[in-house]
Every structure is written in C-alpha cells, then in structure tokens.
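Participant: My structure is in input_12.tsv, and what it holds is TSV, C-alpha atoms:
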```tsv
chain	number	residue	atom	x	y	z
A	20	MET	CA	2.56	-51.99	-0.92
A	21	ALA	CA	-0.60	-53.58	-2.34
A	22	LYS	CA	-0.14	-55.92	-5.26
A	23	VAL	CA	-0.99	-54.35	-8.61
A	24	THR	CA	-3.81	-56.24	-10.31
A	25	ARG	CA	-5.18	-56.49	-13.81
A	26	ASP	CA	-8.16	-54.39	-12.64
A	27	ASP	CA	-5.75	-51.58	-11.73
A	28	VAL	CA	-4.24	-51.66	-15.23
A	29	ALA	CA	-7.70	-51.63	-16.82
A	30	ARG	CA	-8.80	-48.58	-14.76
A	31	LEU	CA	-5.67	-46.59	-15.61
A	32	ALA	CA	-5.87	-47.51	-19.32
A	33	GLY	CA	-9.62	-46.81	-19.45
A	34	THR	CA	-10.51	-50.23	-20.78
A	35	SER	CA	-11.81	-53.62	-19.63
A	36	THR	CA	-9.79	-56.37	-17.93
A	37	ALA	CA	-10.55	-58.59	-20.94
A	38	VAL	CA	-8.74	-56.15	-23.24
A	39	VAL	CA	-5.78	-56.07	-20.83
A	40	SER	CA	-5.71	-59.87	-21.03
A	41	TYR	CA	-5.76	-59.75	-24.85
A	42	VAL	CA	-2.77	-57.40	-24.83
A	43	ILE	CA	-0.78	-59.47	-22.32
A	44	ASN	CA	-1.48	-62.76	-24.09
A	45	ASN	CA	-1.35	-61.33	-27.62
A	46	GLY	CA	-4.88	-62.58	-28.25
A	47	PRO	CA	-7.17	-64.35	-28.77
A	48	ARG	CA	-8.91	-61.16	-29.98
A	49	PRO	CA	-7.19	-58.25	-31.74
A	50	VAL	CA	-6.70	-54.93	-29.95
A	51	ALA	CA	-6.56	-51.54	-31.66
A	52	ALA	CA	-3.06	-50.03	-31.78
A	53	GLY	CA	-4.01	-46.99	-29.68
A	54	THR	CA	-5.68	-49.12	-27.01
A	55	ARG	CA	-2.72	-51.49	-26.93
A	56	GLU	CA	-0.36	-48.55	-26.37
A	57	ARG	CA	-2.48	-47.28	-23.45
A	58	VAL	CA	-2.51	-50.72	-21.84
A	59	LEU	CA	1.25	-51.17	-22.22
A	60	ALA	CA	1.84	-47.67	-20.81
A	61	ALA	CA	-0.35	-48.50	-17.79
A	62	ILE	CA	1.48	-51.79	-17.24
A	63	LYS	CA	4.80	-49.95	-17.25
A	64	GLU	CA	3.62	-47.12	-14.99
A	65	LEU	CA	2.10	-49.45	-12.40
A	66	GLY	CA	4.85	-52.07	-12.61
A	67	TYR	CA	2.29	-54.81	-13.21
A	68	ARG	CA	3.61	-58.38	-13.43
A	69	PRO	CA	1.24	-61.03	-14.81
A	70	ASP	CA	0.61	-64.05	-12.57
A	71	ARG	CA	2.01	-66.77	-14.81
A	72	VAL	CA	0.80	-69.55	-12.51
A	73	ALA	CA	-2.77	-68.30	-12.71
A	74	GLN	CA	-2.47	-67.96	-16.48
A	75	ALA	CA	-1.20	-71.52	-16.75
A	76	MET	CA	-4.07	-72.84	-14.63
A	77	ALA	CA	-6.60	-71.00	-16.76
A	78	SER	CA	-5.17	-72.06	-20.12
A	79	GLN	CA	-3.96	-75.53	-19.02
A	80	ARG	CA	-0.53	-74.75	-20.43
A	81	THR	CA	2.56	-72.78	-19.51
A	82	ASP	CA	5.15	-70.77	-21.39
A	83	LEU	CA	7.64	-73.54	-20.72
A	84	ILE	CA	9.26	-75.99	-23.10
A	85	GLY	CA	10.70	-79.18	-21.68
A	86	LEU	CA	13.99	-80.46	-23.10
A	87	ILE	CA	15.39	-83.87	-22.15
A	88	VAL	CA	19.00	-84.63	-23.11
A	89	PRO	CA	21.22	-87.64	-22.34
A	90	ASP	CA	24.05	-85.62	-20.77
A	91	ALA	CA	24.33	-81.82	-20.90
A	92	ARG	CA	27.99	-82.05	-19.87
A	93	GLN	CA	28.86	-83.34	-23.33
A	94	PRO	CA	29.63	-80.44	-25.70
A	95	PHE	CA	27.22	-81.50	-28.45
A	96	PHE	CA	24.21	-81.68	-26.13
A	97	ALA	CA	25.24	-78.49	-24.33
A	98	GLU	CA	25.40	-76.59	-27.62
A	99	MET	CA	22.12	-78.11	-28.78
A	100	ALA	CA	20.41	-77.14	-25.51
A	101	HIS	CA	21.68	-73.58	-25.88
A	102	ALA	CA	20.36	-73.40	-29.44
A	103	VAL	CA	16.94	-74.65	-28.27
A	104	GLU	CA	16.91	-72.07	-25.47
A	105	GLN	CA	17.63	-69.26	-27.95
A	106	ALA	CA	14.93	-70.46	-30.34
A	107	ALA	CA	12.44	-70.71	-27.48
A	108	ALA	CA	13.26	-67.20	-26.26
A	109	GLU	CA	12.37	-65.86	-29.71
A	110	ARG	CA	8.82	-67.11	-29.02
A	111	GLY	CA	8.67	-65.85	-25.45
A	112	LYS	CA	9.19	-69.34	-24.01
A	113	MET	CA	11.54	-70.62	-21.34
A	114	VAL	CA	13.24	-74.02	-21.34
A	115	LEU	CA	13.43	-76.60	-18.58
A	116	VAL	CA	16.30	-79.06	-19.07
A	117	GLY	CA	16.47	-82.58	-17.66
A	118	ASN	CA	19.41	-84.99	-18.00
A	119	SER	CA	18.49	-88.64	-18.49
A	120	ASP	CA	22.11	-89.74	-17.94
A	121	TYR	CA	21.42	-92.43	-20.55
A	122	LEU	CA	19.05	-94.12	-18.08
A	123	ASP	CA	15.60	-95.20	-19.20
A	124	GLU	CA	13.98	-94.57	-15.81
A	125	ARG	CA	15.31	-90.99	-15.63
A	126	GLU	CA	14.07	-90.27	-19.13
A	127	VAL	CA	10.59	-91.43	-18.12
A	128	HIS	CA	10.86	-89.45	-14.87
A	129	TYR	CA	11.43	-86.18	-16.73
A	130	LEU	CA	8.74	-86.98	-19.28
A	131	ARG	CA	6.19	-87.39	-16.49
A	132	ALA	CA	7.43	-84.32	-14.64
A	133	PHE	CA	7.42	-81.99	-17.65
A	134	LEU	CA	4.13	-83.22	-19.07
A	135	GLY	CA	2.58	-82.93	-15.61
A	136	MET	CA	3.69	-79.29	-15.51
A	137	ARG	CA	1.67	-78.67	-18.68
A	138	VAL	CA	4.63	-77.49	-20.73
A	139	SER	CA	3.59	-75.93	-24.03
A	140	GLY	CA	5.95	-78.27	-25.83
A	141	LEU	CA	8.45	-81.04	-25.16
A	142	ILE	CA	11.62	-81.88	-27.06
A	143	LEU	CA	13.25	-85.24	-26.43
A	144	ILE	CA	16.80	-86.21	-27.32
A	145	SER	CA	16.34	-89.82	-26.40
A	146	GLN	CA	18.95	-92.06	-24.78
A	147	GLY	CA	18.23	-95.34	-26.53
A	148	PRO	CA	15.49	-97.81	-27.45
A	149	SER	CA	12.99	-95.93	-25.21
A	150	GLU	CA	10.03	-98.33	-25.25
A	151	ASN	CA	8.98	-97.03	-21.82
A	152	ALA	CA	9.29	-93.42	-22.95
A	153	ALA	CA	7.17	-94.13	-26.03
A	154	ALA	CA	4.51	-95.79	-23.86
A	155	GLU	CA	4.52	-92.78	-21.51
A	156	ILE	CA	4.02	-90.33	-24.37
A	157	GLU	CA	1.19	-92.44	-25.78
A	158	ALA	CA	-0.50	-92.57	-22.36
A	159	TRP	CA	-0.40	-88.76	-22.04
A	160	ASP	CA	-1.42	-88.30	-25.67
A	161	ALA	CA	1.27	-85.62	-25.74
A	162	ARG	CA	2.91	-83.74	-28.59
A	163	VAL	CA	6.61	-84.51	-28.36
A	164	VAL	CA	9.29	-83.58	-30.87
A	165	LEU	CA	12.16	-86.03	-31.18
A	166	MET	CA	15.51	-84.41	-31.86
A	167	HIS	CA	18.85	-85.84	-33.00
A	168	GLU	CA	17.48	-89.37	-33.18
A	169	ARG	CA	14.23	-91.25	-33.68
A	170	PRO	CA	14.26	-94.60	-31.84
A	171	GLU	CA	12.32	-97.44	-33.43
A	172	ALA	CA	9.93	-97.52	-30.46
A	173	PHE	CA	8.51	-94.17	-31.57
A	174	ALA	CA	7.73	-95.26	-35.13
A	175	PRO	CA	4.06	-96.20	-34.39
A	176	LEU	CA	3.38	-92.87	-32.67
A	177	ASN	CA	2.16	-89.76	-34.43
A	178	ASP	CA	5.40	-87.98	-33.57
A	179	VAL	CA	7.67	-85.61	-35.46
A	180	ALA	CA	11.44	-85.75	-35.52
A	181	VAL	CA	14.23	-83.32	-36.38
A	182	VAL	CA	17.34	-85.27	-37.35
A	183	LEU	CA	20.54	-85.16	-39.37
A	184	ASP	CA	21.73	-87.15	-42.36
A	185	ASP	CA	23.92	-89.22	-40.03
A	186	ILE	CA	24.68	-92.02	-42.48
A	187	GLY	CA	25.53	-89.60	-45.28
A	188	GLY	CA	27.76	-87.55	-43.00
A	189	ALA	CA	29.74	-90.60	-41.90
A	190	GLN	CA	30.15	-91.67	-45.52
A	191	LEU	CA	31.40	-88.20	-46.40
A	192	ALA	CA	34.00	-88.27	-43.62
A	193	THR	CA	35.22	-91.78	-44.40
A	194	ARG	CA	35.51	-91.13	-48.13
A	195	HIS	CA	37.53	-88.01	-47.40
A	196	LEU	CA	40.03	-89.99	-45.35
A	197	LEU	CA	40.27	-92.68	-48.02
A	198	GLU	CA	40.92	-89.99	-50.64
A	199	HIS	CA	44.06	-89.09	-48.68
A	200	GLY	CA	45.42	-92.47	-49.77
A	201	HIS	CA	45.07	-94.44	-46.54
A	202	GLU	CA	44.93	-98.21	-46.91
A	203	TYR	CA	41.85	-98.28	-44.73
A	204	VAL	CA	39.94	-96.22	-42.16
A	205	ALA	CA	39.10	-97.57	-38.71
A	206	CYS	CA	36.00	-96.46	-36.80
A	207	LEU	CA	35.45	-95.63	-33.15
A	208	GLY	CA	31.78	-96.29	-32.51
A	209	GLY	CA	29.63	-96.72	-29.43
A	210	THR	CA	29.38	-99.54	-26.92
A	211	GLU	CA	27.67	-102.92	-27.10
A	212	SER	CA	24.59	-101.34	-25.51
A	213	THR	CA	24.24	-98.77	-28.31
A	214	PRO	CA	21.03	-99.57	-30.25
A	215	ALA	CA	21.68	-101.25	-33.58
A	216	VAL	CA	19.20	-99.03	-35.42
A	217	GLY	CA	17.58	-95.65	-34.86
A	218	ASP	CA	20.59	-94.21	-33.05
A	219	PRO	CA	22.91	-91.56	-34.55
A	220	VAL	CA	26.09	-93.35	-33.49
A	221	SER	CA	24.85	-96.60	-35.06
A	222	ASP	CA	24.10	-94.62	-38.22
A	223	HIS	CA	27.61	-93.17	-38.14
A	224	VAL	CA	29.03	-96.70	-37.98
A	225	GLU	CA	26.72	-97.75	-40.82
A	226	GLY	CA	27.88	-94.83	-42.95
A	227	TRP	CA	31.50	-95.79	-42.30
A	228	ARG	CA	30.77	-99.38	-43.33
A	229	ARG	CA	29.07	-98.30	-46.55
A	230	ALA	CA	31.95	-96.02	-47.54
A	231	MET	CA	34.51	-98.73	-46.82
A	232	THR	CA	32.51	-101.32	-48.77
A	233	GLU	CA	32.09	-98.95	-51.71
A	234	ALA	CA	35.88	-98.53	-51.75
A	235	GLY	CA	36.44	-102.29	-51.62
A	236	ARG	CA	37.97	-102.18	-48.12
A	237	ALA	CA	37.28	-104.69	-45.37
A	238	THR	CA	35.74	-103.55	-42.08
A	239	GLU	CA	36.29	-106.69	-40.00
A	240	GLY	CA	38.46	-106.01	-36.97
A	241	ARG	CA	38.54	-102.30	-37.72
A	242	LEU	CA	35.62	-101.16	-35.55
A	243	PHE	CA	36.52	-100.16	-32.00
A	244	GLN	CA	34.05	-99.49	-29.23
A	245	ALA	CA	33.99	-96.84	-26.53
A	246	PRO	CA	31.45	-94.69	-24.64
A	247	PHE	CA	30.66	-91.34	-26.21
A	248	ASN	CA	32.76	-89.21	-23.85
A	249	ARG	CA	36.39	-88.17	-24.35
A	250	TYR	CA	37.69	-89.73	-21.16
A	251	ASP	CA	36.69	-93.32	-21.93
A	252	ALA	CA	37.59	-92.80	-25.60
A	253	TYR	CA	41.07	-91.64	-24.51
A	254	ARG	CA	41.62	-94.79	-22.45
A	255	ARG	CA	40.34	-97.03	-25.26
A	256	ALA	CA	42.49	-95.24	-27.83
A	257	LEU	CA	45.62	-95.82	-25.72
A	258	GLU	CA	44.99	-99.54	-26.17
A	259	PHE	CA	44.47	-99.80	-29.91
A	260	LEU	CA	46.95	-97.06	-30.86
A	261	SER	CA	49.78	-98.74	-28.96
A	262	GLY	CA	49.16	-102.15	-30.54
A	263	PRO	CA	50.92	-103.69	-33.54
A	264	THR	CA	48.01	-103.01	-35.89
A	265	ARG	CA	47.60	-99.29	-35.34
A	266	PRO	CA	45.23	-97.85	-37.96
A	267	PRO	CA	46.50	-95.17	-40.35
A	268	ALA	CA	43.25	-93.20	-40.06
A	269	ILE	CA	40.17	-93.24	-37.84
A	270	PHE	CA	36.66	-91.88	-38.08
A	271	CYS	CA	35.15	-91.17	-34.65
A	272	ALA	CA	31.39	-91.27	-34.18
A	273	THR	CA	31.49	-88.13	-32.01
A	274	ASP	CA	33.82	-85.17	-31.61
A	275	ASP	CA	34.14	-85.90	-27.90
A	276	GLN	CA	35.57	-89.31	-28.76
A	277	ALA	CA	37.87	-87.74	-31.34
A	278	ILE	CA	39.20	-85.31	-28.73
A	279	GLY	CA	40.03	-88.30	-26.54
A	280	VAL	CA	41.81	-89.97	-29.45
A	281	LEU	CA	43.87	-86.84	-30.11
A	282	ARG	CA	44.93	-86.77	-26.46
A	283	ALA	CA	45.97	-90.44	-26.57
A	284	ALA	CA	47.93	-89.91	-29.80
A	285	ARG	CA	49.85	-87.03	-28.24
A	286	GLU	CA	50.67	-89.11	-25.17
A	287	LEU	CA	51.96	-91.92	-27.41
A	288	ARG	CA	54.01	-89.37	-29.40
A	289	LEU	CA	52.09	-90.06	-32.60
A	290	ASP	CA	51.97	-87.28	-35.17
A	291	VAL	CA	48.49	-86.28	-36.28
A	292	PRO	CA	47.88	-86.44	-39.19
A	293	GLY	CA	51.27	-87.93	-40.21
A	294	ASP	CA	50.99	-91.14	-38.17
A	295	LEU	CA	47.26	-91.05	-37.62
A	296	ALA	CA	44.57	-89.05	-39.43
A	297	VAL	CA	41.46	-88.27	-37.37
A	298	VAL	CA	37.96	-87.07	-38.27
A	299	GLY	CA	35.03	-86.58	-35.88
A	300	PHE	CA	31.30	-85.91	-36.09
A	301	ASP	CA	29.28	-83.00	-34.57
A	302	ASP	CA	31.50	-79.92	-35.12
A	303	VAL	CA	31.39	-78.76	-31.51
A	304	LYS	CA	33.08	-75.40	-30.97
A	305	GLU	CA	36.04	-77.03	-29.25
A	306	ALA	CA	36.87	-78.90	-32.47
A	307	GLY	CA	38.52	-75.78	-33.87
A	308	LEU	CA	40.75	-75.43	-30.81
A	309	THR	CA	42.26	-78.93	-30.62
A	310	ASP	CA	45.86	-79.57	-31.63
A	311	PRO	CA	45.72	-80.06	-34.54
A	312	PRO	CA	42.28	-78.58	-35.25
A	313	LEU	CA	39.76	-81.37	-35.81
A	314	THR	CA	38.17	-82.09	-39.16
A	315	THR	CA	34.56	-83.01	-38.46
A	316	VAL	CA	31.04	-83.35	-39.84
A	317	GLY	CA	28.96	-80.26	-39.07
A	318	SER	CA	25.35	-79.13	-39.35
A	319	ASP	CA	23.15	-76.09	-38.79
A	320	ARG	CA	22.15	-76.67	-35.15
A	321	LYS	CA	20.38	-73.31	-34.91
A	322	ALA	CA	18.09	-74.20	-37.81
A	323	MET	CA	17.39	-77.59	-36.23
A	324	ALA	CA	16.57	-75.97	-32.89
A	325	ARG	CA	14.24	-73.43	-34.49
A	326	ALA	CA	12.41	-76.22	-36.33
A	327	ALA	CA	12.13	-78.35	-33.18
A	328	VAL	CA	10.80	-75.48	-31.06
A	329	ALA	CA	8.29	-74.45	-33.72
A	330	LEU	CA	6.97	-77.99	-33.98
A	331	ALA	CA	6.91	-78.38	-30.20
A	332	VAL	CA	4.59	-75.40	-29.79
A	333	GLY	CA	2.34	-76.52	-32.62
A	334	GLU	CA	3.68	-74.47	-35.49
A	335	ASN	CA	4.83	-75.74	-38.85
A	336	PRO	CA	8.16	-74.14	-39.88
A	337	GLU	CA	7.49	-75.08	-43.49
A	338	GLU	CA	4.48	-74.47	-45.72
A	339	GLY	CA	2.35	-77.48	-46.51
A	340	PRO	CA	1.76	-80.65	-44.47
A	341	VAL	CA	3.99	-81.34	-41.48
A	342	GLU	CA	6.77	-83.78	-42.34
A	343	ARG	CA	6.96	-86.58	-39.81
A	344	VAL	CA	10.77	-86.59	-40.09
A	345	ARG	CA	12.71	-83.46	-41.02
A	346	GLN	CA	16.24	-84.37	-42.02
A	347	PHE	CA	18.85	-81.63	-42.13
A	348	PRO	CA	21.93	-81.81	-44.37
A	349	VAL	CA	25.51	-82.06	-43.13
A	350	SER	CA	28.84	-80.77	-44.38
A	351	LEU	CA	32.50	-81.62	-43.84
A	352	GLU	CA	34.35	-78.94	-41.89
A	353	ILE	CA	37.92	-79.46	-43.07
A	354	ARG	CA	40.78	-78.66	-40.70
A	355	ARG	CA	44.23	-80.18	-40.22
A	356	SER	CA	43.63	-83.45	-38.36
A	357	CYS	CA	42.69	-85.25	-41.59
A	358	GLY	CA	45.86	-84.27	-43.45
A	359	CYS	CA	44.59	-81.19	-45.27
A	360	ASP	CA	46.66	-78.03	-45.01
```
Rewrite the coordinates I just gave you, this time as structure tokens.
Facilitator:
Amino acid sequence: MAKVTRDDVARLAGTSTAVVSYVINNGPRPVAAGTRERVLAAIKELGYRPDRVAQAMASQRTDLIGLIVPDARQPFFAEMAHAVEQAAAERGKMVLVGNSDYLDEREVHYLRAFLGMRVSGLILISQGPSENAAAEIEAWDARVVLMHERPEAFAPLNDVAVVLDDIGGAQLATRHLLEHGHEYVACLGGTESTPAVGDPVSDHVEGWRRAMTEAGRATEGRLFQAPFNRYDAYRRALEFLSGPTRPPAIFCATDDQAIGVLRAARELRLDVPGDLAVVGFDDVKEAGLTDPPLTTVGSDRKAMARAAVALAVGENPEEGPVERVRQFPVSLEIRRSCGCD
C-alpha cells in the first residue's frame, strides 16, 4: 500500500498542502473552522501519519522534552519524572529521560545527546556542582530549566529554576519534633561529597541547624551522614541507633533515608515514635504506607512539573516577567512517625 502523503490529504480536503500543515502544526497561520474540520476528516479517512522526523528537520526542533535526573530508581525522582511526563503530554510533547547516576560525565553526556536531538526543551535535575554541565549549556546557548536544585555553577547563566523552600521545610520539620518535647533532634544528611551550597540536601541540613539554634540546642555531634538511598541509610542507622547516644528524634533529609531508618529501628526493636521519632522530606507515596506512616515535608510536584515544562518550551506560566527562580511552598504532612496520633 502506497504511503499516504500530505498532498493526498490536501486533495481530499479540497485545500492546499500549506493549509494541511497549518492544521497539523496548529499554526503559524489560522485556519477557518470548516476548513479545519475537512482537513481533520481527510486525515482520519486516509489514515495519514505526519512524518515527525521531517517536521523536526524543517523546524529545527522536535516535540521532545529532555529530562535528566540523578537516579530514577529513587521514589522522589520517579514521581517527579512522572509528573513532568504528564505535564508534557498536556502540551503534546513526549519526554526522554536520562539518568546521570550522580556522575558529572553522564550528566554532560545526556545534555549533549538531548540538545543534539533538538529537543524543544530540556529540564535538568542536576547531580551536584555541575561546572561542566553549566559550560556545556553555555556552549550550546540552550534554554534549560533547572528543577529541584540550582547549583552555584549555573548562577552566571541566564537560566530559570523551579525549586522548593528546602530550608523552610527542614525548619518546619525540626521545630515540629522539638515541640513534641524532645531534648534535641538529630539529622541524617548527605555524604561528604554533597555540595555545601545549592543542593537541596545541604539546604535541609541548614534548615535543621537553624531550627536547632533558634531553640537553643546544640548541633555538634548530632549530624549523621549517609547516601540518599534507603539501603545505605539503613546500614548507617543500625550503627548510630545501636550506640550509647541514640537520639530521641531524627530529621532525615529524604524520605528514602527515613524509610531506611524505620527499617533499622524495627530490626533493633525500637518503638517508633516511642523510642525514636522520625520525620522525612519529599512526601513520596510510599511514606503513607510505612509502619508507622511517615511524617514528612511535602510539596505540589504537579504544579512544579507544569511550571518547569511551560518554561522549558518557552512559555511563562505566570503573567509578567519571567522569574529566574520560582520557589514553591512546602507543608508538613503529619502522620504517626513523629508522635502525633
């Protein structure tokens, strides 16, 4: 069977191929409602499928959005990627996902690959300091939306970022634990390689420090380090929870870490929240299914994804000038792990 072409659609609809193109691409020129209906009816009758590769070559862009995440296996990034995919689909876009695995060279690899494919937008959840990534974006003169964090290396670029109030959220969580009457609150942060500034986990630690200082509590010796995943956090928690100076309460920089802490507490036969109160950050869906359910800092990820996608394709989700950094609020999702009924 011969391939159906745009000329075939134009002949059946009784119009020009240019008008067919305007209907398929929703512009750049308007098409009368009756003519549009005839073109769409012809497309359906003939089973015409636009050649997206040819369209991309002609327009120098595709209907693709690139999304780079540190590790899509982690619940937070998986849920964020899904929210971005949904927001992109609302605009007729598809999403390509690349995992940097927290490696600078893989982040740069996906940046080059996606930008070389002429994606219509690129969203980057960066893995760290990212000087090389910033240099790559500057070399391509590309529009990239930073999401979740804004590393210091990107500050000189004309970029936009969609982030959370990470410091405020950590303060909120720590204050809540202190209000339960605990002598102090420990913190499970990142590793020594976690950037000191411009990283959400570092901001979570900073928020914990500020809340403790405001309450007149010391932080020295009360910050523990572990990678962001539950498995390493579980092994680290077995160490400090079985020691003589077990904390009465702990704020975890991520929910995945908190899930690891809950597993370690159960193995050590510690009652949560009686022996140890726990609060996380991210409000992944699994947080409501832990035992006990995890109190955590949440946010509107769907709204963040919609804003990031809109900015990535060159739209401004808000009226007025584009804000270089859009910060979304957070809230405390109270469940039983903190001691609340």
Participant: For range 299-327 of chain A against range 217-227 of chain A, with a cut-off of 12 Å and counting only C-alpha atoms, what is the closest atom pair and its distance in Å to one decimal for every residue that makes the cut, ordered by chain and number, as CSV?
Facilitator:
```
residue,atom,partner,partner_atom,distance
A:Gly299,CA,A:His223,CA,10.2
A:Phe300,CA,A:His223,CA,8.4
A:Asp301,CA,A:Pro219,CA,10.7
A:Val316,CA,A:His223,CA,10.5
```
Participant: CA of Ala277 in chain A and CA of Ser356 in chain A are how many Å apart?
Facilitator: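 About the pair CA of Ala277 in chain A and CA of Ser356 in chain A: they are 10.0 Å apart.
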Participant: Residues within 9 Å of range 131-144 of chain A, please, as a ChimeraX atom specification. Count only C-alpha atoms; anything in the same chain fewer than 2 positions from it doesn't count.
Facilitator: /A:75,79-89,96,112,115,126-129,146,155-156,159,161-169,327-328,330-333
Participant: Quick one: write out the picked residues with C-alpha atoms as a short mmCIF file (atom, residue, chain, number, x, y, z; two decimals), in the frame of the given file?
Facilitator:
```cif
data_model
loop_
_atom_site.label_atom_id
_atom_site.label_comp_id
_atom_site.auth_asym_id
_atom_site.auth_seq_id
_atom_site.Cartn_x
_atom_site.Cartn_y
_atom_site.Cartn_z
CA ALA A 75 -1.20 -71.52 -16.75
CA GLN A 79 -3.96 -75.53 -19.02
CA ARG A 80 -0.53 -74.75 -20.43
CA THR A 81 2.56 -72.78 -19.51
CA ASP A 82 5.15 -70.77 -21.39
CA LEU A 83 7.64 -73.54 -20.72
CA ILE A 84 9.26 -75.99 -23.10
CA GLY A 85 10.70 -79.18 -21.68
CA LEU A 86 13.99 -80.46 -23.10
CA ILE A 87 15.39 -83.87 -22.15
CA VAL A 88 19.00 -84.63 -23.11
CA PRO A 89 21.22 -87.64 -22.34
CA PHE A 96 24.21 -81.68 -26.13
CA LYS A 112 9.19 -69.34 -24.01
CA LEU A 115 13.43 -76.60 -18.58
CA GLU A 126 14.07 -90.27 -19.13
CA VAL A 127 10.59 -91.43 -18.12
CA HIS A 128 10.86 -89.45 -14.87
CA TYR A 129 11.43 -86.18 -16.73
CA GLN A 146 18.95 -92.06 -24.78
CA GLU A 155 4.52 -92.78 -21.51
CA ILE A 156 4.02 -90.33 -24.37
CA TRP A 159 -0.40 -88.76 -22.04
CA ALA A 161 1.27 -85.62 -25.74
CA ARG A 162 2.91 -83.74 -28.59
CA VAL A 163 6.61 -84.51 -28.36
CA VAL A 164 9.29 -83.58 -30.87
CA LEU A 165 12.16 -86.03 -31.18
CA MET A 166 15.51 -84.41 -31.86
CA HIS A 167 18.85 -85.84 -33.00
CA GLU A 168 17.48 -89.37 -33.18
CA ARG A 169 14.23 -91.25 -33.68
CA ALA A 327 12.13 -78.35 -33.18
CA VAL A 328 10.80 -75.48 -31.06
CA LEU A 330 6.97 -77.99 -33.98
CA ALA A 331 6.91 -78.38 -30.20
CA VAL A 332 4.59 -75.40 -29.79
CA GLY A 333 2.34 -76.52 -32.62
#
```
Participant: Of the candidates A:Arg25, A:Thr264, A:Asn44, A:Ala326, which one gets nearest to Val182 in chain A if we count only C-alpha atoms?
Facilitator: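 So, comparing all the options, the nearest one is A:Ala326.
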Participant: How many Å lie between CA of Arg254 in chain A and CA of Asp275 in chain A, rounded to one decimal?
Facilitator: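 Result for CA of Arg254 in chain A versus CA of Asp275 in chain A: 12.8 Å, one decimal.
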Participant: Is it possible to get the residues within 10 Å of (25.1, -89.2, -45.9) (coordinates as in the file, counting only C-alpha atoms) written as a PyMOL selection string?
Facilitator: chain A and resi 183-192+222-223+226-227+229-230+348-350
Participant: Within 8 Å of (5.3, -52.5, -8.5) (file coordinates; all atoms listed in the file), which protein or nucleic acid residues are there? I'd like them as a list of chain:residue names.
Facilitator: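 Collected hits near the coordinates: A:Lys22, A:Val23, A:Leu65, A:Gly66, A:Tyr67, A:Arg68.
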Participant: Write out as a ChimeraX atom specification the residues lying within 12 Å of Thr309 in chain A, counting only C-alpha atoms and excluding same-chain residues fewer than 5 positions away.
Facilitator: /A:274-275,277-282,285,291,297-299,302-304,314-315,354-356
Participant: Produce a table with one row for each residue of range 120-214 of chain A that has an atom at most 9 Å from any atom of range 292-296 of chain A, each row naming the nearest atom pair and its distance in Å at one decimal; use all atoms listed in the file; arrange rows by chain and rising residue number; format as JSON lines.
Facilitator:
```
{"residue": "A:Leu196", "atom": "CA", "partner": "A:Ala296", "partner_atom": "CA", "distance": 7.5}
{"residue": "A:His201", "atom": "CA", "partner": "A:Ala296", "partner_atom": "CA", "distance": 8.9}
{"residue": "A:Val204", "atom": "CA", "partner": "A:Ala296", "partner_atom": "CA", "distance": 9.0}
```
Participant: Include C-alpha atoms and write out the residues we just selected as a CSV table (one decimal), in the coordinates of the input.
Facilitator:
```csv
chain,number,residue,atom,x,y,z
A,196,LEU,CA,40.0,-90.0,-45.4
A,201,HIS,CA,45.1,-94.4,-46.5
A,204,VAL,CA,39.9,-96.2,-42.2
```
Participant: Would you please work out which residue, of A:Val58, A:Leu308, A:Ala152, A:Val181, is nearest to Arg343 in chain A when using all atoms listed in the file?
Facilitator: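 Closest to Arg343 in chain A of all the choices is A:Val181.
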Participant: Compare A:Arg48, A:Met231, A:Met113, A:Asp310 by their minimum atom-to-atom distance to Glu198 in chain A, counting all atoms listed in the file, and give me the closest one.
Facilitator: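 Counting all atoms listed in the file, the residue closest to Glu198 in chain A is A:Met231.
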Participant: Please measure the separation of CA of Pro312 in chain A and CA of Gly208 in chain A, giving the value in Å to one decimal.
Facilitator: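 Computed distance, CA of Pro312 in chain A to CA of Gly208 in chain A, equals 20.8 Å.
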Participant: Check the smallest atom-to-atom distance from each of A:Val50, A:Leu351, A:Val38, A:Ala284 to Asp26 in chain A using all atoms listed in the file, then report the winner.
Facilitator: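 Distance minimum relative to Asp26 in chain A lands on A:Val38.
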Participant: Can you tell me, as a PyMOL selection string, what residues are no more than 10 Å from Val28 in chain A when counting only C-alpha atoms, ignoring any on the same chain fewer than 3 positions away?
Facilitator: chain A and resi 23-25+31-36+39+57-67
Participant: Can I get the selection written as an mmCIF file, keeping the file's coordinate frame, with C-alpha atoms?
Facilitator:
```
data_model
loop_
_atom_site.group_PDB
_atom_site.id
_atom_site.type_symbol
_atom_site.label_atom_id
_atom_site.label_comp_id
_atom_site.auth_asym_id
_atom_site.auth_seq_id
_atom_site.Cartn_x
_atom_site.Cartn_y
_atom_site.Cartn_z
ATOM 1 C CA VAL A 23 -0.990 -54.350 -8.610
ATOM 2 C CA THR A 24 -3.810 -56.240 -10.310
ATOM 3 C CA ARG A 25 -5.180 -56.490 -13.810
ATOM 4 C CA LEU A 31 -5.670 -46.590 -15.610
ATOM 5 C CA ALA A 32 -5.870 -47.510 -19.320
ATOM 6 C CA GLY A 33 -9.620 -46.810 -19.450
ATOM 7 C CA THR A 34 -10.510 -50.230 -20.780
ATOM 8 C CA SER A 35 -11.810 -53.620 -19.630
ATOM 9 C CA THR A 36 -9.790 -56.370 -17.930
ATOM 10 C CA VAL A 39 -5.780 -56.070 -20.830
ATOM 11 C CA ARG A 57 -2.480 -47.280 -23.450
ATOM 12 C CA VAL A 58 -2.510 -50.720 -21.840
ATOM 13 C CA LEU A 59 1.250 -51.170 -22.220
ATOM 14 C CA ALA A 60 1.840 -47.670 -20.810
ATOM 15 C CA ALA A 61 -0.350 -48.500 -17.790
ATOM 16 C CA ILE A 62 1.480 -51.790 -17.240
ATOM 17 C CA LYS A 63 4.800 -49.950 -17.250
ATOM 18 C CA GLU A 64 3.620 -47.120 -14.990
ATOM 19 C CA LEU A 65 2.100 -49.450 -12.400
ATOM 20 C CA GLY A 66 4.850 -52.070 -12.610
ATOM 21 C CA TYR A 67 2.290 -54.810 -13.210
#
```
